[in-house]
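Undergrad: File name start_23.txt; file contents compact mmCIF, C-alpha atoms; full text below.
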```
# COMPACT_ATOMS: atom_id res chain seq x y z
CA MET B 1 39.51 0.87 -5.47
CA GLY B 2 39.40 -0.22 -1.88
CA ALA B 3 37.05 -2.88 -0.61
CA PHE B 4 33.85 -1.77 1.06
CA THR B 5 33.48 -2.76 4.65
CA LEU B 6 30.10 -3.37 6.18
CA TRP B 7 30.44 -0.06 7.95
CA ASP B 8 30.98 1.77 4.64
CA ILE B 9 27.77 0.26 3.34
CA VAL B 10 25.81 1.12 6.46
CA ARG B 11 27.18 4.66 6.59
CA ASN B 12 26.30 5.37 2.98
CA LEU B 13 22.83 3.97 3.48
CA LEU B 14 22.30 6.01 6.61
CA LEU B 15 23.34 9.18 4.79
CA ALA B 16 20.83 8.45 2.03
CA GLY B 17 18.27 7.47 4.66
CA ARG B 18 18.09 11.11 5.71
CA TRP B 19 16.45 11.83 2.36
CA THR B 20 13.91 9.09 2.97
CA VAL B 21 13.03 10.77 6.26
CA ALA B 22 12.94 14.24 4.70
CA LEU B 23 10.76 13.14 1.81
CA SER B 24 8.42 11.29 4.17
CA LEU B 25 8.01 14.35 6.37
CA ILE B 26 7.38 16.67 3.45
CA ALA B 27 4.82 14.31 1.94
CA PHE B 28 3.15 13.73 5.30
CA ILE B 29 2.96 17.38 6.31
CA GLY B 30 2.12 18.64 2.82
CA GLY B 31 -0.38 15.84 2.35
CA GLY B 32 -1.88 16.65 5.73
CA VAL B 33 -2.39 20.30 4.83
CA VAL B 34 -3.89 19.52 1.42
CA GLY B 35 -5.95 16.70 2.93
CA ALA B 36 -7.34 19.00 5.62
CA LEU B 37 -8.27 21.62 3.03
CA LEU B 38 -10.03 18.98 0.95
CA LEU B 39 -11.83 17.74 4.05
CA VAL B 40 -13.20 21.19 4.90
CA LEU B 41 -14.17 21.73 1.25
CA ARG B 42 -15.93 18.40 1.23
CA LEU B 43 -17.89 19.19 4.39
CA ARG B 44 -18.96 22.56 3.06
CA ALA B 45 -19.34 22.14 -0.63
CA GLY B 46 -22.30 21.16 -2.76
CA PRO B 47 -22.72 17.74 -4.35
CA MET B 48 -20.70 18.67 -7.42
CA LEU B 49 -17.49 19.52 -5.58
CA THR B 50 -18.00 16.65 -3.17
CA ARG B 51 -18.13 14.24 -6.05
CA LEU B 52 -15.06 15.83 -7.59
CA ILE B 53 -13.07 15.31 -4.39
CA GLY B 54 -14.40 11.77 -4.21
CA ALA B 55 -13.05 11.19 -7.72
CA TYR B 56 -9.69 12.67 -6.68
CA VAL B 57 -9.49 10.16 -3.84
CA GLN B 58 -10.54 7.30 -6.14
CA LEU B 59 -7.92 8.33 -8.67
CA PHE B 60 -5.05 8.17 -6.21
CA GLN B 61 -6.26 5.06 -4.42
CA GLY B 62 -7.02 3.21 -7.65
CA THR B 63 -3.74 3.75 -9.49
CA PRO B 64 -0.18 2.66 -8.66
CA LEU B 65 1.93 5.19 -6.81
CA LEU B 66 4.69 4.36 -9.28
CA MET B 67 2.54 5.63 -12.17
CA GLN B 68 1.70 8.77 -10.19
CA LEU B 69 5.40 9.42 -9.76
CA PHE B 70 6.10 8.91 -13.47
CA LEU B 71 3.21 11.20 -14.41
CA ALA B 72 4.41 13.91 -12.05
CA TYR B 73 7.94 13.58 -13.36
CA PHE B 74 7.07 13.67 -17.06
CA GLY B 75 3.89 15.72 -16.72
CA ILE B 76 5.46 18.72 -15.03
CA ALA B 77 8.28 18.63 -17.57
CA LEU B 78 5.64 18.98 -20.30
CA LEU B 79 4.62 22.32 -18.85
CA GLY B 80 8.06 23.53 -19.78
CA VAL B 81 9.29 23.66 -16.21
CA GLU B 82 12.59 22.04 -15.43
CA VAL B 83 11.70 19.53 -12.76
CA SER B 84 14.09 17.74 -10.45
CA GLU B 85 13.46 14.20 -9.21
CA TRP B 86 13.16 15.72 -5.77
CA THR B 87 10.34 18.10 -6.75
CA ALA B 88 8.47 15.48 -8.74
CA ALA B 89 8.68 12.97 -5.89
CA ALA B 90 7.61 15.54 -3.31
CA ILE B 91 4.62 16.64 -5.37
CA ALA B 92 3.45 13.13 -6.27
CA LEU B 93 3.80 11.84 -2.71
CA THR B 94 2.09 14.92 -1.26
CA LEU B 95 -0.93 14.46 -3.51
CA TYR B 96 -1.00 10.71 -2.86
CA THR B 97 -0.87 11.30 0.89
CA SER B 98 -3.52 14.02 0.76
CA ALA B 99 -5.96 11.69 -0.99
CA TYR B 100 -5.58 8.97 1.64
CA LEU B 101 -5.59 11.31 4.63
CA THR B 102 -8.64 13.25 3.50
CA GLU B 103 -10.50 9.96 3.10
CA ILE B 104 -9.40 8.69 6.53
CA TRP B 105 -10.43 11.95 8.16
CA ARG B 106 -13.73 12.08 6.33
CA GLY B 107 -14.53 8.72 7.87
CA CYS B 108 -13.67 10.06 11.33
CA VAL B 109 -15.87 13.11 10.89
CA ALA B 110 -18.67 10.94 9.55
CA ALA B 111 -18.41 8.84 12.71
CA ILE B 112 -19.45 11.85 14.81
CA PRO B 113 -23.19 11.60 15.45
CA LYS B 114 -25.35 13.95 13.43
CA GLY B 115 -26.86 15.29 16.65
CA GLN B 116 -23.55 16.97 17.46
CA TRP B 117 -23.80 19.04 14.29
CA GLU B 118 -27.44 19.84 14.95
CA ALA B 119 -26.93 20.72 18.59
CA SER B 120 -24.01 23.03 17.85
CA SER B 121 -25.84 24.67 14.97
CA SER B 122 -28.87 25.24 17.24
CA LEU B 123 -26.47 27.19 19.48
CA ALA B 124 -25.96 29.52 16.53
CA MET B 125 -22.38 28.39 16.01
CA SER B 126 -20.89 29.16 12.63
CA PHE B 127 -19.46 26.34 10.52
CA GLY B 128 -15.96 27.24 11.67
CA GLU B 129 -16.98 27.28 15.32
CA GLN B 130 -18.77 23.95 14.97
CA LEU B 131 -15.66 22.39 13.50
CA ARG B 132 -13.27 23.93 15.99
CA HIS B 133 -15.20 23.45 19.20
CA VAL B 134 -17.43 20.45 18.62
CA ILE B 135 -16.59 18.21 15.70
CA LEU B 136 -12.81 18.26 15.35
CA PRO B 137 -11.95 17.64 19.03
CA GLN B 138 -13.96 14.42 18.85
CA ALA B 139 -12.91 13.45 15.34
CA LEU B 140 -9.24 14.04 16.10
CA ARG B 141 -9.28 11.42 18.80
CA LEU B 142 -10.59 8.88 16.34
CA ALA B 143 -8.20 10.04 13.65
CA THR B 144 -4.83 9.86 15.40
CA ALA B 145 -4.32 6.09 15.20
CA PRO B 146 -5.12 5.61 11.49
CA THR B 147 -3.22 8.79 10.63
CA VAL B 148 -0.08 7.61 12.39
CA GLY B 149 -0.61 4.20 10.81
CA PHE B 150 -0.69 5.80 7.38
CA LEU B 151 2.67 7.43 8.03
CA VAL B 152 4.15 3.94 7.62
CA GLN B 153 2.60 3.76 4.14
CA VAL B 154 4.15 7.14 3.32
CA VAL B 155 7.63 6.09 4.43
CA LYS B 156 7.34 2.91 2.37
CA GLY B 157 5.95 4.92 -0.54
CA THR B 158 9.05 7.10 -0.67
CA ALA B 159 10.99 3.99 -1.71
CA LEU B 160 9.35 4.27 -5.13
CA ALA B 161 10.93 7.70 -5.65
CA SER B 162 14.10 5.70 -6.30
CA VAL B 163 12.61 4.61 -9.63
CA ILE B 164 12.57 8.16 -11.02
CA GLY B 165 16.15 8.56 -9.85
CA PHE B 166 15.78 10.27 -6.51
CA VAL B 167 18.64 9.09 -4.31
CA GLU B 168 17.07 7.98 -1.06
CA LEU B 169 17.55 4.76 0.87
CA THR B 170 16.40 2.33 -1.83
CA LYS B 171 18.27 4.03 -4.65
CA ALA B 172 21.40 4.25 -2.53
CA GLY B 173 20.94 0.52 -1.86
CA SER B 174 20.79 -0.24 -5.60
CA MET B 175 23.90 1.83 -6.19
CA MET B 176 25.77 0.23 -3.31
CA ALA B 177 24.74 -3.23 -4.50
CA ASN B 178 26.18 -2.46 -7.93
CA VAL B 179 29.44 -1.17 -6.53
CA THR B 180 30.05 -3.75 -3.83
CA PHE B 181 28.63 -6.84 -5.58
CA ARG B 182 27.04 -7.75 -2.27
CA PRO B 183 23.32 -7.29 -2.98
CA PHE B 184 22.30 -9.73 -0.26
CA VAL B 185 24.00 -7.72 2.48
CA VAL B 186 23.09 -4.35 1.03
CA PHE B 187 19.39 -5.00 0.47
CA GLY B 188 19.25 -6.79 3.80
CA CYS B 189 20.57 -3.61 5.44
CA VAL B 190 18.16 -1.45 3.45
CA ALA B 191 15.21 -3.59 4.53
CA LEU B 192 16.41 -3.50 8.13
CA MET B 193 16.63 0.30 8.08
CA TYR B 194 13.12 0.66 6.73
CA PHE B 195 11.99 -1.75 9.41
CA LEU B 196 13.70 0.24 12.15
CA LEU B 197 12.05 3.37 10.81
CA CYS B 198 8.56 1.93 10.34
CA TYR B 199 8.13 -0.60 13.13
CA PRO B 200 8.16 1.92 16.00
CA ILE B 201 5.55 3.97 14.14
CA SER B 202 3.43 0.85 13.66
CA LEU B 203 3.69 0.00 17.34
CA PHE B 204 2.79 3.55 18.30
CA ALA B 205 -0.22 3.49 15.97
CA ARG B 206 -1.37 0.20 17.47
CA ARG B 207 -1.09 1.58 20.99
CA LEU B 208 -3.07 4.66 20.01
CA GLU B 209 -5.67 2.43 18.45
CA ARG B 210 -6.06 0.38 21.60
CA ARG B 211 -6.45 3.54 23.64
CA THR B 212 -9.11 4.92 21.32
CA HIS B 213 -11.08 1.74 21.61
CA VAL B 214 -10.96 1.61 25.39
CA HIS B 215 -11.97 5.20 26.01
CA GLY B 216 -13.92 5.85 22.85
CA ARG B 217 -16.54 3.17 23.20
CA MET F 218 2.15 21.14 -25.52
CA GLU F 219 0.72 18.55 -27.81
CA PHE F 220 -0.48 15.09 -26.98
CA ASP F 221 -0.19 12.14 -29.27
CA PHE F 222 -1.92 9.16 -27.76
CA GLY F 223 -2.03 7.45 -31.13
CA ALA F 224 1.72 7.02 -31.07
CA VAL F 225 1.31 4.94 -27.92
CA LEU F 226 -1.83 3.08 -28.88
CA VAL F 227 -0.15 1.82 -32.05
CA ASP F 228 1.75 -0.50 -29.73
CA TRP F 229 -1.45 -1.92 -28.27
CA ARG F 230 -0.06 -5.43 -28.53
CA LEU F 231 2.64 -4.60 -26.01
CA LEU F 232 0.09 -3.03 -23.70
CA LEU F 233 -2.17 -6.04 -24.00
CA LYS F 234 0.67 -8.39 -23.22
CA GLY F 235 1.52 -6.25 -20.20
CA LEU F 236 -2.08 -6.35 -19.08
CA VAL F 237 -2.14 -10.13 -19.32
CA TRP F 238 1.04 -10.35 -17.23
CA THR F 239 -0.37 -8.00 -14.61
CA LEU F 240 -3.55 -10.03 -14.39
CA GLY F 241 -1.65 -13.32 -14.31
CA LEU F 242 0.73 -12.20 -11.57
CA THR F 243 -2.18 -10.86 -9.54
CA ALA F 244 -4.26 -14.01 -9.93
CA VAL F 245 -1.45 -16.37 -8.95
CA ALA F 246 -0.32 -14.17 -6.06
CA THR F 247 -3.88 -13.80 -4.79
CA VAL F 248 -4.59 -17.52 -4.70
CA ILE F 249 -1.29 -18.56 -3.13
CA GLY F 250 -1.16 -15.47 -0.93
CA LEU F 251 -4.56 -16.21 0.57
CA VAL F 252 -3.52 -19.81 1.22
CA VAL F 253 -0.40 -18.51 3.00
CA GLY F 254 -2.58 -16.10 4.94
CA VAL F 255 -4.97 -18.84 6.05
CA GLY F 256 -2.07 -21.08 7.03
CA CYS F 257 -0.41 -18.35 9.08
CA ALA F 258 -3.71 -17.41 10.67
CA TRP F 259 -4.12 -21.05 11.71
CA ILE F 260 -0.64 -21.07 13.22
CA ARG F 261 -1.35 -17.83 15.05
CA ALA F 262 -4.49 -19.31 16.55
CA HIS F 263 -3.32 -22.87 17.26
CA GLY F 264 0.41 -23.17 16.60
CA SER F 265 3.19 -23.74 19.10
CA LYS F 266 4.77 -20.71 20.71
CA PRO F 267 7.93 -20.66 18.49
CA ALA F 268 5.82 -21.05 15.35
CA ARG F 269 3.64 -18.15 16.43
CA VAL F 270 6.71 -15.99 17.02
CA VAL F 271 8.04 -16.83 13.54
CA VAL F 272 4.72 -15.95 11.91
CA GLY F 273 4.51 -12.73 13.92
CA ALA F 274 8.02 -11.73 12.84
CA TYR F 275 7.21 -12.52 9.20
CA VAL F 276 4.07 -10.42 9.27
CA GLU F 277 5.75 -7.43 10.91
CA LEU F 278 8.82 -7.65 8.69
CA ILE F 279 6.77 -7.58 5.50
CA ARG F 280 4.35 -4.92 6.71
CA ASN F 281 7.12 -2.55 7.75
CA THR F 282 9.35 -2.66 4.68
CA PRO F 283 8.61 -1.38 1.16
CA PHE F 284 7.52 -3.86 -1.48
CA ILE F 285 10.22 -2.70 -3.88
CA VAL F 286 12.93 -3.52 -1.32
CA GLN F 287 11.44 -6.96 -0.73
CA LEU F 288 11.44 -7.50 -4.48
CA PHE F 289 15.05 -6.34 -4.87
CA PHE F 290 16.15 -8.48 -1.95
CA ILE F 291 14.56 -11.55 -3.49
CA PHE F 292 15.68 -10.88 -7.06
CA PHE F 293 19.13 -9.35 -6.56
CA GLY F 294 19.98 -10.50 -3.04
CA LEU F 295 19.04 -14.17 -3.02
CA PRO F 296 21.17 -15.16 -6.06
CA ALA F 297 24.19 -14.07 -4.01
CA ALA F 298 23.06 -16.62 -1.45
CA GLY F 299 22.81 -19.27 -4.17
CA VAL F 300 19.11 -19.03 -5.08
CA MET F 301 18.69 -18.11 -8.73
CA LEU F 302 15.26 -16.90 -9.76
CA THR F 303 13.71 -15.65 -12.98
CA PRO F 304 12.18 -12.17 -12.70
CA GLU F 305 8.69 -13.62 -12.96
CA ILE F 306 9.24 -16.15 -10.16
CA ALA F 307 10.84 -13.49 -7.97
CA ALA F 308 7.86 -11.20 -8.59
CA VAL F 309 5.36 -13.91 -7.70
CA ILE F 310 7.27 -14.81 -4.53
CA ALA F 311 7.42 -11.17 -3.45
CA MET F 312 3.72 -10.62 -4.13
CA VAL F 313 2.75 -13.86 -2.36
CA LEU F 314 4.85 -13.00 0.70
CA ASN F 315 3.33 -9.53 0.72
CA LEU F 316 -0.30 -10.56 0.42
CA GLY F 317 0.31 -13.48 2.78
CA ALA F 318 1.47 -11.17 5.55
CA TYR F 319 -1.32 -8.65 5.15
CA SER F 320 -4.04 -11.27 4.82
CA THR F 321 -2.75 -13.02 7.95
CA GLU F 322 -3.26 -9.81 9.86
CA ILE F 323 -6.63 -9.09 8.25
CA LEU F 324 -7.91 -12.64 8.81
CA ARG F 325 -6.82 -12.51 12.43
CA ALA F 326 -9.25 -9.68 13.06
CA GLY F 327 -12.04 -11.76 11.55
CA ILE F 328 -11.09 -14.88 13.47
CA GLU F 329 -10.93 -13.06 16.79
CA ALA F 330 -14.47 -11.86 16.25
CA THR F 331 -15.79 -15.45 16.14
CA PRO F 332 -18.34 -15.97 18.94
CA ARG F 333 -17.01 -18.39 21.55
CA GLY F 334 -20.28 -20.37 21.50
CA GLN F 335 -19.86 -21.34 17.86
CA ILE F 336 -16.50 -22.94 18.54
CA GLU F 337 -17.83 -24.71 21.64
CA ALA F 338 -20.83 -25.95 19.70
CA ALA F 339 -18.57 -27.34 16.99
CA GLU F 340 -16.27 -28.97 19.54
CA SER F 341 -19.24 -30.58 21.22
CA LEU F 342 -19.99 -32.22 17.87
CA ALA F 343 -16.56 -33.88 18.13
CA LEU F 344 -15.04 -31.93 15.27
CA SER F 345 -11.25 -31.84 15.33
CA PRO F 346 -9.58 -28.45 15.83
CA LEU F 347 -8.70 -28.35 12.13
CA GLN F 348 -12.28 -29.12 11.14
CA VAL F 349 -13.55 -26.45 13.50
CA PHE F 350 -11.13 -23.97 11.98
CA LEU F 351 -11.87 -24.80 8.34
CA HIS F 352 -15.63 -25.28 8.55
CA VAL F 353 -16.81 -23.16 11.47
CA VAL F 354 -14.33 -20.37 12.11
CA LEU F 355 -12.95 -19.59 8.66
CA PRO F 356 -15.98 -19.02 6.40
CA PRO F 357 -17.67 -16.37 8.58
CA SER F 358 -14.26 -14.80 9.24
CA PHE F 359 -13.72 -14.44 5.51
CA LYS F 360 -17.13 -12.89 5.25
CA ARG F 361 -16.39 -10.37 8.00
CA VAL F 362 -13.11 -9.16 6.53
CA TRP F 363 -13.80 -9.66 2.82
CA PRO F 364 -13.94 -5.90 2.03
CA ALA F 365 -10.53 -5.41 3.66
CA LEU F 366 -9.11 -8.43 1.80
CA VAL F 367 -10.45 -7.15 -1.50
CA SER F 368 -8.78 -3.78 -0.88
CA GLN F 369 -5.52 -5.53 -0.08
CA ILE F 370 -5.68 -7.66 -3.23
CA ILE F 371 -6.17 -4.48 -5.25
CA ILE F 372 -3.19 -2.88 -3.51
CA VAL F 373 -1.11 -5.92 -4.47
CA MET F 374 -2.34 -5.67 -8.07
CA LEU F 375 -1.36 -1.99 -8.21
CA GLY F 376 1.92 -2.80 -6.48
CA SER F 377 2.78 -5.29 -9.22
CA SER F 378 3.65 -2.25 -11.36
CA VAL F 379 6.93 -2.21 -9.43
CA CYS F 380 7.82 -5.63 -10.86
CA GLY F 381 8.64 -3.94 -14.17
CA GLN F 382 11.76 -2.70 -12.40
CA ILE F 383 13.18 -6.23 -12.47
CA SER F 384 12.09 -6.57 -16.12
CA VAL F 385 8.90 -8.53 -15.60
CA GLU F 386 6.95 -7.57 -18.68
CA GLU F 387 3.80 -6.35 -16.98
CA LEU F 388 1.79 -3.26 -17.79
CA SER F 389 4.11 -0.56 -16.44
CA TYR F 390 7.04 -2.27 -18.14
CA ALA F 391 5.15 -2.11 -21.42
CA ALA F 392 4.47 1.60 -20.90
CA ASN F 393 8.13 2.16 -20.15
CA LEU F 394 9.20 0.22 -23.22
CA ILE F 395 6.85 2.18 -25.46
CA GLN F 396 7.95 5.55 -24.13
CA SER F 397 11.61 4.61 -24.54
CA ARG F 398 10.92 4.07 -28.25
CA ASN F 399 8.76 7.06 -29.11
CA PHE F 400 9.53 9.48 -26.24
CA ARG F 401 5.82 9.91 -25.54
CA ALA F 402 6.34 9.29 -21.85
CA PHE F 403 3.40 11.25 -20.51
CA GLU F 404 0.92 9.70 -22.92
CA ALA F 405 2.23 6.18 -22.32
CA PHE F 406 1.93 6.50 -18.55
CA ILE F 407 -1.49 8.19 -18.74
CA ILE F 408 -2.78 5.23 -20.73
CA ALA F 409 -1.19 2.70 -18.38
CA THR F 410 -2.58 4.56 -15.37
CA ALA F 411 -6.06 4.59 -16.87
CA VAL F 412 -5.85 0.86 -17.46
CA TYR F 413 -4.78 0.31 -13.85
CA LEU F 414 -7.69 2.41 -12.62
CA LEU F 415 -10.10 0.42 -14.74
CA LEU F 416 -8.56 -2.83 -13.49
CA ALA F 417 -8.92 -1.70 -9.87
CA VAL F 418 -12.60 -0.88 -10.35
CA LEU F 419 -13.36 -4.10 -12.22
CA LEU F 420 -11.35 -6.27 -9.83
CA ARG F 421 -13.25 -4.85 -6.86
CA ARG F 422 -16.56 -5.58 -8.58
CA LEU F 423 -15.46 -9.10 -9.49
CA LEU F 424 -14.22 -9.96 -6.00
CA ASN F 425 -17.27 -8.48 -4.28
CA TRP F 426 -19.35 -10.64 -6.56
CA ALA F 427 -17.23 -13.79 -6.29
CA GLY F 428 -16.59 -13.69 -2.55
CA PRO F 429 -20.07 -14.58 -1.31
CA ARG F 430 -20.51 -17.14 -4.08
CA PHE F 431 -17.32 -19.13 -3.78
CA PHE F 432 -15.83 -18.39 -0.40
CA PHE F 433 -18.39 -18.08 2.32
CA GLY F 434 -22.00 -18.19 1.14
CA ARG F 435 -24.33 -15.24 1.45
```
Is it possible to express this structure as structure tokens?

TA:
Amino acid sequence: MGAFTLWDIVRNLLLAGRWTVALSLIAFIGGGVVGALLLVLRLRAGPMLTRLIGAYVQLFQGTPLLMQLFLAYFGIALLGVEVSEWTAAAIALTLYTSAYLTEIWRGCVAAIPKGQWEASSSLAMSFGEQLRHVILPQALRLATAPTVGFLVQVVKGTALASVIGFVELTKAGSMMANVTFRPFVVFGCVALMYFLLCYPISLFARRLERRTHVHGR
Amino acid sequence: MEFDFGAVLVDWRLLLKGLVWTLGLTAVATVIGLVVGVGCAWIRAHGSKPARVVVGAYVELIRNTPFIVQLFFIFFGLPAAGVMLTPEIAAVIAMVLNLGAYSTEILRAGIEATPRGQIEAAESLALSPLQVFLHVVLPPSFKRVWPALVSQIIIVMLGSSVCGQISVEELSYAANLIQSRNFRAFEAFIIATAVYLLLAVLLRRLLNWAGPRFFFGR
């Protein structure tokens, strides 16, 4: 067995890092779609459904993501479906993301003055037209910064998929640390890669936030 | 599909022990983490330029890397550099560093919102900068950002479930141990999840109640 050079470590981590990116994107996009659906439902529905969606949000925000991953992994298997780590992680992270995003967006819609709803409804706009032409254009501007900011949480969240055996950056790091006996270097590299992935997003979110505050108020 | 929660609840002693560990880790990390946060917030407001840069780097580094990687770096990585830690100590350090970074950032928002006149008034009473910070700036800042701090403390409590991965015997570790014995994985994790949810609700209530009483007055 040949010795691992630093480059071998970095290359292996980078290869696994692609899965971190892929899982993040799937969770973010899937979570965005589900979150948007829940948002529209919440705006339309009666008190019963609204409360149900509120409970959904509470459930995901009030329990550890790690437990959600375990439950997805073992829960889907109970249904008799063969489930891969990849599927379980994608499903759990999508639901987790949807709960947070729908709550963020609800706040943004709630920040739109009631008069906007009333004015557009007095113009005989349908609910869909109100959303599309009046509410969402304004809410979207408020929503971009916290939404981009949450993407950082999603990327960091994918690290927990390593625990159910999905080989992404963190899991690859654990495996490399075991093989090379250089955990300090390996986990240092892993942390650095997450940082390089997340920090630009954080900076971007902060810039968006500043812009919203200047023009929005 | 058949559920057998009884098979898990038989081991309630393990779950209880896990619960105690989770609460203990959270309590210690919260207290020390908030102290770290206040210290770093002070440095950010009054420290020398290099010190401010170090604090800024610390905050960004922690906020932009996953907790589990921080934990692994501390527990698996540091021994290679000559620092041996028990799992429990490593977990506490990771949680403290984590909460410290986030609370620094949260407190900064509260501190920046302090009206200039209050600081000037305090200075005109010949209070030292430290006195101004501790007695005039800090309490209302805590009050302003308390909801955000409470949320962050709860996130740290939920995050402590990851510490089971380095064999700290907290709640998720207990659930894992139980399911490895009786193969009732789903039931074990449902119960653990429910306990976490309950903890999150109760902890929020407790902190919302305790904050105004012990930290910053009504």

Undergrad: May I have the residues within 8 Å of region 201-213 of chain B as a CSV table (one decimal) with C-alpha atoms, in the frame of the given file, using only C-alpha atoms and disregarding those fewer than 2 positions away in the same chain?

TA:
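And here's selection-v4.csv as it stands now:
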```csv
chain,number,residue,atom,x,y,z
B,141,ARG,CA,-9.3,11.4,18.8
B,142,LEU,CA,-10.6,8.9,16.3
B,144,THR,CA,-4.8,9.9,15.4
B,145,ALA,CA,-4.3,6.1,15.2
B,146,PRO,CA,-5.1,5.6,11.5
B,148,VAL,CA,-0.1,7.6,12.4
B,149,GLY,CA,-0.6,4.2,10.8
B,151,LEU,CA,2.7,7.4,8.0
B,152,VAL,CA,4.2,3.9,7.6
B,197,LEU,CA,12.0,3.4,10.8
B,198,CYS,CA,8.6,1.9,10.3
B,199,TYR,CA,8.1,-0.6,13.1
B,215,HIS,CA,-12.0,5.2,26.0
B,216,GLY,CA,-13.9,5.8,22.8
B,217,ARG,CA,-16.5,3.2,23.2
F,281,ASN,CA,7.1,-2.6,7.8
```

Undergrad: Counting only C-alpha atoms, figure out which residue out of F:Thr239, F:Phe290, F:Ala246, F:Leu233 gets nearest to Pro183 (chain B).

TA: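 Ranking F:Thr239, F:Phe290, F:Ala246, F:Leu233 by distance to Pro183 (chain B), first place goes to F:Phe290.
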
Undergrad: Contacts from chain F to chain B, 6 Å maximum, only C-alpha atoms: show me the residue list as a list in words.

TA: Asn281, Thr282, Pro283, Phe290, Phe293, Gly294, Leu375, Phe403, Tyr413, Leu414 and Ala417 of chain F

Undergrad: Measure the distance from CA of Leu38 (chain B) to CA of Arg132 (chain B) in Å and round it to one decimal.

TA: 16.2 Å

Undergrad: For CA of Gly254 (chain F) and CA of Leu316 (chain F), quote the distance in Å rounded to one decimal.

TA: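 CA of Leu316 (chain F) lies at a distance of 7.5 Å from CA of Gly254 (chain F).
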
Undergrad: Any idea what's packed within 9 Å of region 23-34 of chain B, counting only C-alpha atoms, ignoring anything in its chain fewer than 5 positions away? Could you give it as a JSON list (two decimals) with C-alpha atoms, in the coordinates of the input?

TA:
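As written to disk, result-v5.json reads:
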```
[["chain", "number", "residue", "atom", "x", "y", "z"],
["B", 18, "ARG", "CA", 18.09, 11.11, 5.71],
["B", 39, "LEU", "CA", -11.83, 17.74, 4.05],
["B", 86, "TRP", "CA", 13.16, 15.72, -5.77],
["B", 89, "ALA", "CA", 8.68, 12.97, -5.89],
["B", 90, "ALA", "CA", 7.61, 15.54, -3.31],
["B", 91, "ILE", "CA", 4.62, 16.64, -5.37],
["B", 92, "ALA", "CA", 3.45, 13.13, -6.27],
["B", 93, "LEU", "CA", 3.80, 11.84, -2.71],
["B", 94, "THR", "CA", 2.09, 14.92, -1.26],
["B", 95, "LEU", "CA", -0.93, 14.46, -3.51],
["B", 96, "TYR", "CA", -1.00, 10.71, -2.86],
["B", 97, "THR", "CA", -0.87, 11.30, 0.89],
["B", 98, "SER", "CA", -3.52, 14.02, 0.76],
["B", 99, "ALA", "CA", -5.96, 11.69, -0.99],
["B", 100, "TYR", "CA", -5.58, 8.97, 1.64],
["B", 101, "LEU", "CA", -5.59, 11.31, 4.63],
["B", 102, "THR", "CA", -8.64, 13.25, 3.50],
["B", 151, "LEU", "CA", 2.67, 7.43, 8.03],
["B", 154, "VAL", "CA", 4.15, 7.14, 3.32],
["B", 155, "VAL", "CA", 7.63, 6.09, 4.43],
["B", 156, "LYS", "CA", 7.34, 2.91, 2.37],
["B", 157, "GLY", "CA", 5.95, 4.92, -0.54],
["B", 158, "THR", "CA", 9.05, 7.10, -0.67],
["B", 168, "GLU", "CA", 17.07, 7.98, -1.06]]
```

Undergrad: Counting only C-alpha atoms, what is within 8 Å of Cys108 (chain B), bar same-chain residues fewer than 3 positions away, as a count of residues only?

TA: 8

Undergrad: Using only C-alpha atoms, which residues sit within 12 Å of Leu123 (chain B) once same-chain residues fewer than 6 positions away are excluded, as a list in words?

TA: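 What passes the distance filter is Gln116, Trp117, Glu129, Gln130, His133 and Val134 of chain B.
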
Undergrad: Using only C-alpha atoms for the distances, tell me which of F:Ser368, F:Ser389, F:Gln382, F:Gln335 is nearest to His352 (chain F).

TA: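 Closest to His352 (chain F), using only C-alpha atoms: F:Gln335.
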
Undergrad: How many Å separate CA of Arg421 (chain F) from CA of Val272 (chain F)?

TA: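 Value for the CA of Arg421 (chain F)-CA of Val272 (chain F) distance: 28.3 Å.
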
Undergrad: Let me know the centre plus edge lengths, in Å and rounded to one decimal, of a box with edges along x, y and z that contains all listed atoms of region 76-86 of chain B and is padded by 4 Å on every side, as JSON.

TA:
```
{"center_x": 9.4, "center_y": 18.9, "center_z": -13.0, "size_x": 17.5, "size_y": 17.5, "size_z": 22.5}
```

Undergrad: For Pro364 (chain F), find every residue with an atom within 10 Å (counting all atoms listed in the file), except residues of its own chain fewer than 5 positions away, and show them as a PyMOL selection string.

TA: chain F and resi 359+369-370+421+424-425+428
